[in-house]
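Dropping query.pdb in here (PDB, C-alpha atoms):
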```pdb
MODEL        1
ATOM      1  CA  MET O 119     150.127  95.380 163.113
ATOM      2  CA  ALA O 120     148.849  94.057 166.428
ATOM      3  CA  ASN O 121     151.284  92.196 168.645
ATOM      4  CA  LEU O 122     151.521  88.523 167.732
ATOM      5  CA  LYS O 123     149.753  86.299 170.238
ATOM      6  CA  ARG O 124     149.588  82.669 171.214
ATOM      7  CA  ILE O 125     145.911  81.678 171.058
ATOM      8  CA  PHE O 126     144.355  78.453 172.367
ATOM      9  CA  ILE O 127     141.047  77.577 170.650
ATOM     10  CA  THR O 128     138.488  74.873 171.396
ATOM     11  CA  GLY O 129     135.550  73.916 169.174
ATOM     12  CA  ILE O 130     137.423  74.732 165.969
ATOM     13  CA  SER O 131     135.838  71.836 164.032
ATOM     14  CA  GLY O 132     132.317  73.307 164.226
ATOM     15  CA  CYS O 133     130.638  75.919 162.041
ATOM     16  CA  ILE O 134     131.718  78.995 164.011
ATOM     17  CA  GLY O 135     135.152  77.442 164.541
ATOM     18  CA  HIS O 136     135.756  77.059 160.800
ATOM     19  CA  TYR O 137     134.852  80.665 160.061
ATOM     20  CA  LEU O 138     137.035  81.834 162.947
ATOM     21  CA  ALA O 139     139.949  79.725 161.700
ATOM     22  CA  ASP O 140     139.547  81.325 158.275
ATOM     23  CA  GLU O 141     139.467  84.819 159.787
ATOM     24  CA  LEU O 142     142.520  84.311 161.991
ATOM     25  CA  ILE O 143     144.579  82.372 159.450
ATOM     26  CA  GLN O 144     143.897  84.731 156.541
ATOM     27  CA  GLY O 145     143.785  87.999 158.478
ATOM     28  CA  THR O 146     146.429  87.649 161.197
ATOM     29  CA  ASP O 147     149.794  86.071 161.925
ATOM     30  CA  HIS O 148     148.872  84.929 165.436
ATOM     31  CA  GLU O 149     150.162  81.536 166.562
ATOM     32  CA  LEU O 150     147.181  79.201 166.865
ATOM     33  CA  PHE O 151     146.859  76.132 169.086
ATOM     34  CA  LEU O 152     143.765  74.176 168.069
ATOM     35  CA  LEU O 153     142.394  71.547 170.438
ATOM     36  CA  VAL O 154     140.970  68.903 168.110
ATOM     37  CA  ARG O 155     139.405  65.564 169.019
ATOM     38  CA  ASN O 156     138.946  64.422 165.414
ATOM     39  CA  PRO O 157     141.257  66.117 162.868
ATOM     40  CA  ASP O 158     139.303  64.449 160.040
ATOM     41  CA  LYS O 159     136.470  66.920 160.688
ATOM     42  CA  LEU O 160     138.635  69.885 159.734
ATOM     43  CA  GLN O 161     137.759  71.230 156.291
ATOM     44  CA  PHE O 162     140.688  73.663 156.153
ATOM     45  CA  ASP O 163     144.405  73.002 155.817
ATOM     46  CA  PRO O 164     146.144  73.519 159.193
ATOM     47  CA  GLN O 165     149.488  73.488 157.391
ATOM     48  CA  LEU O 166     148.791  76.793 155.647
ATOM     49  CA  ARG O 167     151.144  78.376 158.163
ATOM     50  CA  SER O 168     153.954  76.899 160.198
ATOM     51  CA  ASN O 169     152.620  78.450 163.421
ATOM     52  CA  ILE O 170     149.312  76.566 163.413
ATOM     53  CA  HIS O 171     149.401  73.624 165.803
ATOM     54  CA  LEU O 172     146.868  70.817 166.182
ATOM     55  CA  ILE O 173     146.595  69.689 169.792
ATOM     56  CA  PRO O 174     145.149  66.143 169.897
ATOM     57  CA  GLY O 175     142.608  65.744 172.679
ATOM     58  CA  ASP O 176     139.335  67.064 173.987
ATOM     59  CA  MET O 177     137.887  69.100 176.822
ATOM     60  CA  GLY O 178     137.343  65.982 178.927
ATOM     61  CA  ASN O 179     141.120  65.758 179.484
ATOM     62  CA  ILE O 180     141.996  69.452 179.447
ATOM     63  CA  GLU O 181     144.277  69.088 182.490
ATOM     64  CA  ALA O 182     146.790  67.272 180.259
ATOM     65  CA  HIS O 183     147.514  70.618 178.574
ATOM     66  CA  LYS O 184     148.219  72.574 181.762
ATOM     67  CA  ASP O 185     151.803  73.518 180.842
ATOM     68  CA  LEU O 186     150.788  74.674 177.357
ATOM     69  CA  LEU O 187     147.862  76.724 178.676
ATOM     70  CA  GLN O 188     150.218  78.606 180.986
ATOM     71  CA  THR O 189     151.924  80.081 177.893
ATOM     72  CA  MET O 190     148.774  81.436 176.198
ATOM     73  CA  ASP O 191     148.034  85.118 175.597
ATOM     74  CA  CYS O 192     144.396  84.426 174.688
ATOM     75  CA  ALA O 193     141.910  81.551 174.836
ATOM     76  CA  ILE O 194     138.761  81.227 172.725
ATOM     77  CA  LEU O 195     136.327  78.677 174.131
ATOM     78  CA  ILE O 196     133.740  77.592 171.563
ATOM     79  CA  ALA O 197     133.553  73.872 172.344
ATOM     80  CA  THR O 198     130.300  72.642 173.835
ATOM     81  CA  SER O 199     128.594  69.342 174.466
ATOM     82  CA  TRP O 200     125.116  68.264 173.400
ATOM     83  CA  GLY O 201     125.552  64.727 174.722
ATOM     84  CA  ASP O 202     124.063  62.999 177.729
ATOM     85  CA  ARG O 203     123.233  64.917 180.882
ATOM     86  CA  GLN O 204     126.425  64.120 182.801
ATOM     87  CA  GLU O 205     128.764  64.706 179.843
ATOM     88  CA  THR O 206     127.075  68.001 179.024
ATOM     89  CA  TYR O 207     127.513  69.215 182.596
ATOM     90  CA  ASN O 208     131.113  67.992 182.756
ATOM     91  CA  ILE O 209     132.199  69.685 179.514
ATOM     92  CA  ASN O 210     130.055  72.831 179.540
ATOM     93  CA  VAL O 211     130.599  73.663 183.207
ATOM     94  CA  VAL O 212     133.346  71.735 185.004
ATOM     95  CA  LYS O 213     135.959  71.450 182.240
ATOM     96  CA  THR O 214     135.278  74.934 180.856
ATOM     97  CA  LEU O 215     135.899  76.492 184.276
ATOM     98  CA  THR O 216     138.901  74.211 184.778
ATOM     99  CA  LEU O 217     140.455  75.410 181.510
ATOM    100  CA  ILE O 218     140.070  79.045 182.578
ATOM    101  CA  ASN O 219     141.727  78.222 185.897
ATOM    102  CA  LEU O 220     144.669  76.631 184.076
ATOM    103  CA  LEU O 221     145.534  79.885 182.284
ATOM    104  CA  ASN O 222     148.212  82.183 183.678
ATOM    105  CA  PRO O 223     146.517  85.434 184.800
ATOM    106  CA  GLU O 224     149.855  87.223 184.660
ATOM    107  CA  ARG O 225     150.204  86.425 180.952
ATOM    108  CA  CYS O 226     146.773  85.734 179.493
ATOM    109  CA  GLU O 227     145.154  88.944 178.249
ATOM    110  CA  GLN O 228     141.682  87.625 177.535
ATOM    111  CA  VAL O 229     139.337  84.655 177.506
ATOM    112  CA  ILE O 230     136.550  84.755 174.919
ATOM    113  CA  TYR O 231     133.927  82.318 176.174
ATOM    114  CA  PHE O 232     130.921  81.331 174.058
ATOM    115  CA  SER O 233     127.632  81.077 175.914
ATOM    116  CA  THR O 234     124.195  81.507 174.282
ATOM    117  CA  ALA O 235     121.766  84.427 174.214
ATOM    118  CA  SER O 236     118.995  81.995 175.166
ATOM    119  CA  ILE O 237     120.016  82.284 178.837
ATOM    120  CA  LEU O 238     119.380  86.053 178.885
ATOM    121  CA  ASP O 239     116.142  87.974 179.322
ATOM    122  CA  ARG O 240     115.130  91.033 177.284
ATOM    123  CA  GLN O 241     117.197  93.283 179.556
ATOM    124  CA  GLY O 242     120.312  91.179 179.046
ATOM    125  CA  GLN O 243     120.132  89.663 182.530
ATOM    126  CA  PRO O 244     120.205  85.938 183.413
ATOM    127  CA  LEU O 245     116.869  84.278 182.656
ATOM    128  CA  PRO O 246     115.912  82.062 185.642
ATOM    129  CA  GLU O 247     113.814  79.751 183.458
ATOM    130  CA  ALA O 248     116.983  78.839 181.532
ATOM    131  CA  GLY O 249     118.253  77.222 184.703
ATOM    132  CA  SER O 250     115.002  75.591 185.776
ATOM    133  CA  LEU O 251     113.362  74.627 182.458
ATOM    134  CA  GLY O 252     116.208  74.623 179.945
ATOM    135  CA  THR O 253     117.510  71.632 178.032
ATOM    136  CA  ASP O 254     120.737  70.133 179.348
ATOM    137  CA  TYR O 255     122.646  72.425 176.967
ATOM    138  CA  ILE O 256     120.768  75.581 178.028
ATOM    139  CA  ARG O 257     120.857  74.677 181.712
ATOM    140  CA  THR O 258     124.617  74.047 181.728
ATOM    141  CA  LYS O 259     125.320  77.296 179.891
ATOM    142  CA  TYR O 260     123.236  79.042 182.554
ATOM    143  CA  LEU O 261     125.169  77.298 185.353
ATOM    144  CA  CYS O 262     128.528  78.225 183.819
ATOM    145  CA  HIS O 263     127.351  81.820 183.440
ATOM    146  CA  GLN O 264     126.389  81.928 187.118
ATOM    147  CA  ALA O 265     129.768  80.511 188.116
ATOM    148  CA  LEU O 266     131.565  83.214 186.110
ATOM    149  CA  GLU O 267     129.314  85.899 187.615
ATOM    150  CA  SER O 268     129.734  84.862 191.241
ATOM    151  CA  HIS O 269     132.370  82.800 192.969
ATOM    152  CA  ASN O 270     129.671  81.550 195.341
ATOM    153  CA  ASP O 271     128.012  79.710 192.439
ATOM    154  CA  SER O 272     131.095  77.748 191.388
ATOM    155  CA  PRO O 273     130.380  74.006 191.429
ATOM    156  CA  PRO O 274     132.217  72.042 194.139
ATOM    157  CA  GLU O 275     134.235  70.198 191.478
ATOM    158  CA  VAL O 276     136.025  73.396 190.419
ATOM    159  CA  SER O 277     137.992  76.049 192.281
ATOM    160  CA  PRO O 278     136.581  79.585 191.949
ATOM    161  CA  ILE O 279     137.969  81.619 189.064
ATOM    162  CA  ALA O 280     140.734  83.911 190.303
ATOM    163  CA  GLU O 281     139.643  87.547 190.329
ATOM    164  CA  ALA O 282     142.551  88.526 188.081
ATOM    165  CA  MET O 283     141.292  86.055 185.466
ATOM    166  CA  ALA O 284     137.579  86.744 185.974
ATOM    167  CA  ASN O 285     138.133  90.379 184.959
ATOM    168  CA  LYS O 286     139.608  89.282 181.624
ATOM    169  CA  ILE O 287     136.633  87.274 180.363
ATOM    170  CA  THR O 288     134.654  88.390 177.324
ATOM    171  CA  VAL O 289     131.388  86.421 177.267
ATOM    172  CA  ALA O 290     129.894  86.041 173.786
ATOM    173  CA  TYR O 291     126.171  85.319 173.545
ATOM    174  CA  PRO O 292     125.300  84.312 169.961
ATOM    175  CA  THR O 293     121.678  84.742 168.944
ATOM    176  CA  LEU O 294     120.338  82.635 166.023
ATOM    177  CA  VAL O 295     123.463  81.412 164.202
ATOM    178  CA  PHE O 296     123.553  80.739 160.468
ATOM    179  CA  GLY O 297     126.465  79.651 158.311
ATOM    180  CA  GLY O 298     127.856  76.870 156.188
ATOM    181  CA  GLU O 299     129.143  76.477 152.645
ATOM    182  CA  PRO O 300     131.567  74.277 150.738
ATOM    183  CA  GLY O 301     134.581  73.920 152.997
ATOM    184  CA  LYS O 302     132.668  74.849 156.150
ATOM    185  CA  PRO O 303     130.116  72.799 158.101
ATOM    186  CA  TYR O 304     126.568  74.053 158.495
ATOM    187  CA  SER O 305     125.205  75.495 161.692
ATOM    188  CA  HIS O 306     122.211  73.697 163.161
ATOM    189  CA  LEU O 307     119.819  76.305 161.726
ATOM    190  CA  SER O 308     121.386  76.500 158.278
ATOM    191  CA  GLY O 309     121.520  72.719 158.081
ATOM    192  CA  GLY O 310     117.729  72.572 158.396
ATOM    193  CA  LEU O 311     117.006  75.584 156.198
ATOM    194  CA  GLY O 312     116.131  73.559 153.109
ATOM    195  CA  GLU O 313     113.506  71.581 155.016
ATOM    196  CA  ILE O 314     111.988  74.775 156.467
ATOM    197  CA  LEU O 315     111.739  76.357 153.020
ATOM    198  CA  ARG O 316     109.708  73.400 151.810
ATOM    199  CA  TRP O 317     106.954  74.676 154.099
ATOM    200  CA  LEU O 318     107.204  78.268 152.882
ATOM    201  CA  PRO O 319     104.057  78.044 150.679
ATOM    202  CA  LEU O 320     102.138  77.321 153.914
ATOM    203  CA  ILE O 321     104.129  79.511 156.313
ATOM    204  CA  ARG O 322     103.531  82.642 154.193
ATOM    205  CA  TRP O 323      99.841  82.641 155.144
ATOM    206  CA  PHE O 324     100.541  83.258 158.825
ATOM    207  CA  ARG O 325     101.566  86.310 160.831
ATOM    208  CA  ALA O 326     103.503  85.319 163.947
ATOM    209  CA  ASP O 327     103.866  87.248 167.189
ATOM    210  CA  GLY O 328     107.543  87.093 168.035
ATOM    211  CA  SER O 329     110.912  88.690 167.410
ATOM    212  CA  PHE O 330     114.533  87.644 167.280
ATOM    213  CA  HIS O 331     118.085  88.481 166.254
ATOM    214  CA  PHE O 332     120.276  86.479 163.898
ATOM    215  CA  ILE O 333     123.921  86.542 162.861
ATOM    216  CA  HIS O 334     126.063  84.738 160.303
ATOM    217  CA  SER O 335     129.089  82.796 161.545
ATOM    218  CA  ARG O 336     131.406  84.849 159.334
ATOM    219  CA  ASP O 337     130.258  87.985 161.140
ATOM    220  CA  ILE O 338     130.798  86.264 164.496
ATOM    221  CA  ALA O 339     134.344  85.452 163.404
ATOM    222  CA  ARG O 340     134.999  89.093 162.470
ATOM    223  CA  VAL O 341     133.787  90.313 165.857
ATOM    224  CA  VAL O 342     135.867  87.739 167.738
ATOM    225  CA  ALA O 343     138.992  88.553 165.712
ATOM    226  CA  TYR O 344     138.457  92.225 166.565
ATOM    227  CA  TYR O 345     138.351  91.491 170.294
ATOM    228  CA  VAL O 346     141.451  89.302 170.005
ATOM    229  CA  ASP O 347     143.398  92.332 168.785
ATOM    230  CA  HIS O 348     141.528  94.825 171.009
ATOM    231  CA  PRO O 349     141.114  93.074 174.362
ATOM    232  CA  PRO O 350     138.765  94.961 176.711
ATOM    233  CA  GLN O 351     140.228  96.289 179.928
ATOM    234  CA  LYS O 352     137.536  94.570 181.996
ATOM    235  CA  ARG O 353     135.022  91.748 181.749
ATOM    236  CA  ILE O 354     132.323  92.444 179.167
ATOM    237  CA  ASP O 355     129.212  90.671 177.865
ATOM    238  CA  VAL O 356     128.600  90.775 174.109
ATOM    239  CA  VAL O 357     125.315  89.668 172.528
ATOM    240  CA  LEU O 358     126.157  88.695 168.936
ATOM    241  CA  GLY O 359     123.373  89.609 166.553
ATOM    242  CA  ASN O 360     121.998  92.048 164.026
ATOM    243  CA  ALA O 361     119.147  94.441 164.821
ATOM    244  CA  PRO O 362     115.972  92.725 166.100
ATOM    245  CA  LEU O 363     113.472  91.502 163.553
ATOM    246  CA  THR O 364     109.844  90.534 163.992
ATOM    247  CA  ALA O 365     108.870  87.042 162.944
ATOM    248  CA  THR O 366     106.341  88.512 160.501
ATOM    249  CA  GLU O 367     108.978  90.696 158.853
ATOM    250  CA  GLY O 368     111.346  87.740 158.656
ATOM    251  CA  ILE O 369     108.689  85.674 156.873
ATOM    252  CA  ARG O 370     108.022  88.586 154.502
ATOM    253  CA  GLN O 371     111.692  88.920 153.546
ATOM    254  CA  VAL O 372     112.109  85.173 152.979
ATOM    255  CA  CYS O 373     108.962  85.094 150.833
ATOM    256  CA  GLN O 374     110.114  88.107 148.851
ATOM    257  CA  TYR O 375     113.501  86.506 148.142
ATOM    258  CA  HIS O 376     111.880  83.247 147.013
ATOM    259  CA  ARG O 377     109.145  85.049 145.057
ATOM    260  CA  GLN O 378     106.322  83.708 147.174
ATOM    261  CA  LYS O 379     103.561  86.320 147.114
ATOM    262  CA  ILE O 380     101.719  87.194 150.310
ATOM    263  CA  TYR O 381      98.092  88.209 149.731
ATOM    264  CA  PHE O 382      96.939  88.167 153.336
ATOM    265  CA  GLN O 383      98.050  86.588 156.600
ATOM    266  CA  ILE O 384      96.233  84.887 159.447
ATOM    267  CA  PRO O 385      97.426  85.964 162.923
ATOM    268  CA  LEU O 386      99.072  82.942 164.535
ATOM    269  CA  SER O 387      97.869  83.469 168.094
ATOM    270  CA  LEU O 388      98.964  81.356 171.030
ATOM    271  CA  THR O 389      95.537  79.713 170.994
ATOM    272  CA  LEU O 390      95.856  78.762 167.321
ATOM    273  CA  ALA O 391      99.401  77.530 167.899
ATOM    274  CA  ASN O 392      98.138  75.284 170.681
ATOM    275  CA  ILE O 393      95.483  73.895 168.341
ATOM    276  CA  PHE O 394      98.169  73.014 165.788
ATOM    277  CA  ILE O 395     100.270  71.399 168.533
ATOM    278  CA  LYS O 396      97.371  69.149 169.545
ATOM    279  CA  LEU O 397      96.252  68.507 165.980
ATOM    280  CA  PHE O 398      99.666  67.352 164.815
ATOM    281  CA  ARG O 399     100.500  65.734 168.179
ATOM    282  CA  ILE O 400     103.674  67.758 168.549
ATOM    283  CA  GLN O 401     105.701  66.803 171.611
ATOM    284  CA  MET O 402     106.977  69.865 173.463
ATOM    285  CA  ALA O 403     109.488  69.901 176.289
ATOM    286  CA  ASP O 404     109.145  72.411 179.129
ATOM    287  CA  TRP O 405     111.727  74.695 177.514
ATOM    288  CA  ASP O 406     109.943  74.569 174.139
ATOM    289  CA  ARG O 407     106.690  75.546 175.843
ATOM    290  CA  PHE O 408     108.402  78.405 177.669
ATOM    291  CA  CYS O 409     109.898  79.722 174.400
ATOM    292  CA  LEU O 410     106.484  79.590 172.739
ATOM    293  CA  ASP O 411     105.008  81.687 175.547
ATOM    294  CA  TYR O 412     108.007  84.062 175.816
ATOM    295  CA  ARG O 413     108.222  84.661 172.043
ATOM    296  CA  HIS O 414     110.272  87.875 171.977
ATOM    297  CA  PHE O 415     113.945  86.901 172.303
ATOM    298  CA  THR O 416     115.478  90.334 171.871
ATOM    299  CA  TYR O 417     118.333  92.013 173.708
ATOM    300  CA  PRO O 418     119.688  95.529 174.223
ATOM    301  CA  ASP O 419     122.739  96.663 172.239
ATOM    302  CA  PRO O 420     123.502  93.585 170.099
ATOM    303  CA  VAL O 421     126.933  93.606 168.473
ATOM    304  CA  ALA O 422     127.673  92.812 164.823
ATOM    305  CA  PRO O 423     130.624  93.927 162.674
ATOM    306  CA  ALA O 424     129.041  97.308 161.816
ATOM    307  CA  GLN O 425     129.065  98.348 165.487
ATOM    308  CA  LEU O 426     132.839  97.877 165.492
ATOM    309  CA  GLY O 427     133.442  99.662 162.201
ATOM    310  CA  LEU O 428     133.967  96.394 160.322
ATOM    311  CA  PRO O 429     132.441  95.259 157.008
ATOM    312  CA  ALA O 430     129.377  93.056 157.499
ATOM    313  CA  HIS O 431     128.689  89.796 155.684
ATOM    314  CA  CYS O 432     124.926  89.544 156.359
ATOM    315  CA  GLN O 433     122.797  92.247 157.938
ATOM    316  CA  THR O 434     119.405  91.319 156.490
ATOM    317  CA  ILE O 435     117.414  88.152 155.845
ATOM    318  CA  THR O 436     117.672  88.856 152.122
ATOM    319  CA  GLU O 437     121.468  88.895 152.335
ATOM    320  CA  LEU O 438     121.355  85.733 154.423
ATOM    321  CA  MET O 439     119.243  83.932 151.829
ATOM    322  CA  ALA O 440     121.607  85.018 149.060
ATOM    323  CA  VAL O 441     124.681  83.466 150.725
ATOM    324  CA  SER O 442     122.979  80.318 152.047
ATOM    325  CA  PRO O 443     123.587  77.368 149.689
ATOM    326  CA  LYS O 444     120.602  75.461 151.069
ATOM    327  CA  SER O 445     118.383  78.462 150.412
ATOM    328  CA  ASN O 446     119.361  78.318 146.763
ATOM    329  CA  GLY O 447     119.091  74.567 146.277
ATOM    330  CA  ARG O 448     122.836  73.962 146.652
ATOM    331  CA  HIS O 449     124.316  71.590 149.218
TER     332      HIS O 449
ENDMDL
END
```

What is this structure when it is put down as structure tokens?
Amino acid sequence: MANLKRIFITGISGCIGHYLADELIQGTDHELFLLVRNPDKLQFDPQLRSNIHLIPGDMGNIEAHKDLLQTMDCAILIATSWGDRQETYNINVVKTLTLINLLNPERCEQVIYFSTASILDRQGQPLPEAGSLGTDYIRTKYLCHQALESHNDSPPEVSPIAEAMANKITVAYPTLVFGGEPGKPYSHLSGGLGEILRWLPLIRWFRADGSFHFIHSRDIARVVAYYVDHPPQKRIDVVLGNAPLTATEGIRQVCQYHRQKIYFQIPLSLTLANIFIKLFRIQMADWDRFCLDYRHFTYPDPVAPAQLGLPAHCQTITELMAVSPKSNGRH
């Protein structure tokens, strides 16, 4: 059995956090310290083991936990902010970097920090448009990424990450995240799946030019748990996702699962998409427009459980539909 570790986790009350809690509680004996702003949001029993500790508080006051953070062997940073511009910057950049600085580089083996694949280009490099056109969430994830990449890009509010700590960071870049079931909150995408499927009789008639990766939160949890017990010897970047899928193939698999026959499809060109946008008076932000033009959000060497020799929960859209309650009319 792997050595027992003291692990500090933020963002445990979200979708990914719940699946990770399940994976670590059921599959390991590690001592868990869960930073929780609202314990009422937890849909699992933190008293299942005596070495699970709820730490009242939030990222906005992370300095209050300085002494505790000095005793951690690992930190998993999932928490993020979608709030107003200043709060998003403060939590996603300033307080995230501050937390890393509060860890003891002589003790802490690894920091697993959650970013987003949206800030990467098709070669896995930083995408400049994420910083210039991105939403507050995307932009702040880009800024934090730049600060972790180069000490010169650290914001003035935060000291540069010590080199000894910077070399212990595993950056996770989730692609399209699905997940949610009784006892676990839905991801943003899974939460809206039922509404999307209402449009399937119309969507099936179109062939879209685009491609993407997806991953289920349970598979994310398995990958993260693996890295907890097998910390890399240097900083690594991990794009979390299954093999790339074209939008047209994704539509085909969803239609096949829901028994919606496809007789022919109309190519949904950029010109036609723009006509629909004007016709239905769809408001598009600069980032939305960029994504529409960019279309192919694919990355080299994505990681899912199979790449690590672990059993996979969902590798195909068909498997995803089968385990998604909202795909099957259950809520």

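Excluding Glu267 in chain O itself and same-chain residues fewer than 6 positions from it, the residues having an atom within 12 Å of it are Leu215, Gln243, Pro244, Tyr260, Leu261, Pro278, Ile279, Ala280, Glu281, Ala284, Asn285, Ile287, Thr288, Val289, Arg353, Ile354 and Asp355 of chain O, counting all atoms listed in the file.
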
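Shortest atom-to-atom contact with Asn208 in chain O among O:Asn222, O:Thr258, O:Thr293, O:Thr253: O:Thr258, counting all atoms listed in the file.
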
Suppose a student applies the PyMOL selection byres ((chain O and resi 190) around 10) to this structure; what residues should they get, written as a ChimeraX atom specification?
/O:123-126,149-151,185-189,191-193,221-223,225-228

Could those residues be written to a file, using C-alpha atoms, as a PDB file, keeping the file's coordinate frame?
```
ATOM      1  CA  LYS O 123     149.753  86.299 170.238  1.00  0.00           C
ATOM      2  CA  ARG O 124     149.588  82.669 171.214  1.00  0.00           C
ATOM      3  CA  ILE O 125     145.911  81.678 171.058  1.00  0.00           C
ATOM      4  CA  PHE O 126     144.355  78.453 172.367  1.00  0.00           C
ATOM      5  CA  GLU O 149     150.162  81.536 166.562  1.00  0.00           C
ATOM      6  CA  LEU O 150     147.181  79.201 166.865  1.00  0.00           C
ATOM      7  CA  PHE O 151     146.859  76.132 169.086  1.00  0.00           C
ATOM      8  CA  ASP O 185     151.803  73.518 180.842  1.00  0.00           C
ATOM      9  CA  LEU O 186     150.788  74.674 177.357  1.00  0.00           C
ATOM     10  CA  LEU O 187     147.862  76.724 178.676  1.00  0.00           C
ATOM     11  CA  GLN O 188     150.218  78.606 180.986  1.00  0.00           C
ATOM     12  CA  THR O 189     151.924  80.081 177.893  1.00  0.00           C
ATOM     13  CA  ASP O 191     148.034  85.118 175.597  1.00  0.00           C
ATOM     14  CA  CYS O 192     144.396  84.426 174.688  1.00  0.00           C
ATOM     15  CA  ALA O 193     141.910  81.551 174.836  1.00  0.00           C
ATOM     16  CA  LEU O 221     145.534  79.885 182.284  1.00  0.00           C
ATOM     17  CA  ASN O 222     148.212  82.183 183.678  1.00  0.00           C
ATOM     18  CA  PRO O 223     146.517  85.434 184.800  1.00  0.00           C
ATOM     19  CA  ARG O 225     150.204  86.425 180.952  1.00  0.00           C
ATOM     20  CA  CYS O 226     146.773  85.734 179.493  1.00  0.00           C
ATOM     21  CA  GLU O 227     145.154  88.944 178.249  1.00  0.00           C
ATOM     22  CA  GLN O 228     141.682  87.625 177.535  1.00  0.00           C
TER      23      GLN O 228
END
```

Quick one: apply the PyMOL selection byres ((chain O and resi 375) around 9) to the file and drop the selected residues here as a VMD selection string.
chain O and resid 370 to 374 376 to 378 435 to 436 439 to 440

Using all atoms listed in the file, can you tell me which of O:Gln241, O:Thr416, O:Asn169, O:Ser236 comes closest to Leu363 in chain O?
O:Thr416

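You can rank O:Leu172, O:Val341, O:Ala326, O:Val212 by their closest distance to Val276 in chain O using only C-alpha atoms, and at the top of that list sits O:Val212.
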
Selection result of the PyMOL selection byres ((chain O and resi 425-427) around 10) on this file, as a PyMOL selection string:
chain O and resi 340-341+344-345+360+419-424+428-430

From the options O:Thr216, O:His171, O:Ala248, O:Arg203, which residue's atoms come nearest to Lys184 in chain O, counting all atoms listed in the file?
O:Thr216

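Shortest atom-to-atom contact with Gly328 in chain O among O:Trp405, O:Tyr255, O:Tyr381, O:Phe415: O:Phe415, counting only C-alpha atoms.
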
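Note that CA of Ala182 in chain O and CA of Ser272 in chain O are 21.9 Å apart.
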
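With all atoms listed in the file as the atoms that count, the minimum distance from Gly175 in chain O to the choices O:Leu251, O:Leu358, O:Leu195, O:Val154 is reached by O:Val154.
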
Take every atom of range 125-138 of chain O listed in the file, fit an axis-aligned box around them, add 8 Å per side, and give the centre and edge lengths in Å to one decimal as JSON.
```
{"center_x": 138.3, "center_y": 76.8, "center_z": 166.2, "size_x": 31.3, "size_y": 26.0, "size_z": 28.3}
```

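CA of Ser329 in chain O is positioned 23.5 Å from CA of Gly298 in chain O.
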
Calculate how many Å separate CA of Leu160 in chain O from CA of His183 in chain O, rounding to one decimal.
20.8 Å

Which polymer residues, protein or nucleic acid, are no farther than 6 Å from (125.5, 87.4, 175.6), counting all atoms listed in the file, as a PDB file with C-alpha atoms, in the coordinates of the input?
```pdb
ATOM      1  CA  ALA O 235     121.766  84.427 174.214  1.00  0.00           C
ATOM      2  CA  ALA O 290     129.894  86.041 173.786  1.00  0.00           C
ATOM      3  CA  TYR O 291     126.171  85.319 173.545  1.00  0.00           C
ATOM      4  CA  ASP O 355     129.212  90.671 177.865  1.00  0.00           C
ATOM      5  CA  VAL O 356     128.600  90.775 174.109  1.00  0.00           C
ATOM      6  CA  VAL O 357     125.315  89.668 172.528  1.00  0.00           C
TER       7      VAL O 357
END
```

When you look at Phe162 in chain O with a cut-off of 10 Å (counting all atoms listed in the file), what residues show up, excluding the ones that are within fewer than 6 positions of it in the same chain? I need them as JSON, numbers by chain.
{"O": [131, 136, 137, 139, 140, 301, 302]}

Same residues, C-alpha atoms, saved as a compact mmCIF listing (two decimals), keeping the file's coordinate frame:
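What follows is the written file again_30.txt:
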```txt
# COMPACT_ATOMS: atom_id res chain seq x y z
CA SER O 131 135.84 71.84 164.03
CA HIS O 136 135.76 77.06 160.80
CA TYR O 137 134.85 80.67 160.06
CA ALA O 139 139.95 79.72 161.70
CA ASP O 140 139.55 81.32 158.28
CA GLY O 301 134.58 73.92 153.00
CA LYS O 302 132.67 74.85 156.15
```

Incomplete range 157-162 of chain O brought to N, CA, C and O atoms, written out as an mmCIF file, keeping the file's coordinate frame:
```cif
data_model
loop_
_atom_site.group_PDB
_atom_site.id
_atom_site.type_symbol
_atom_site.label_atom_id
_atom_site.label_comp_id
_atom_site.auth_asym_id
_atom_site.auth_seq_id
_atom_site.Cartn_x
_atom_site.Cartn_y
_atom_site.Cartn_z
ATOM 1 N N PRO O 157 140.718 65.268 163.943
ATOM 2 C CA PRO O 157 141.257 66.117 162.868
ATOM 3 C C PRO O 157 140.579 65.900 161.522
ATOM 4 O O PRO O 157 140.607 66.786 160.666
ATOM 5 N N ASP O 158 139.960 64.728 161.317
ATOM 6 C CA ASP O 158 139.303 64.449 160.040
ATOM 7 C C ASP O 158 138.110 65.378 159.796
ATOM 8 O O ASP O 158 137.648 65.504 158.658
ATOM 9 N N LYS O 159 137.602 66.011 160.843
ATOM 10 C CA LYS O 159 136.470 66.920 160.688
ATOM 11 C C LYS O 159 136.885 68.302 160.175
ATOM 12 O O LYS O 159 136.025 69.095 159.786
ATOM 13 N N LEU O 160 138.171 68.575 160.188
ATOM 14 C CA LEU O 160 138.635 69.885 159.734
ATOM 15 C C LEU O 160 138.543 69.968 158.212
ATOM 16 O O LEU O 160 139.053 69.112 157.505
ATOM 17 N N GLN O 161 137.916 71.031 157.733
ATOM 18 C CA GLN O 161 137.759 71.230 156.291
ATOM 19 C C GLN O 161 138.674 72.347 155.785
ATOM 20 O O GLN O 161 138.465 72.887 154.710
ATOM 21 N N PHE O 162 139.666 72.709 156.590
ATOM 22 C CA PHE O 162 140.688 73.663 156.153
ATOM 23 C C PHE O 162 142.055 73.025 156.377
ATOM 24 O O PHE O 162 142.185 72.032 157.105
#
```
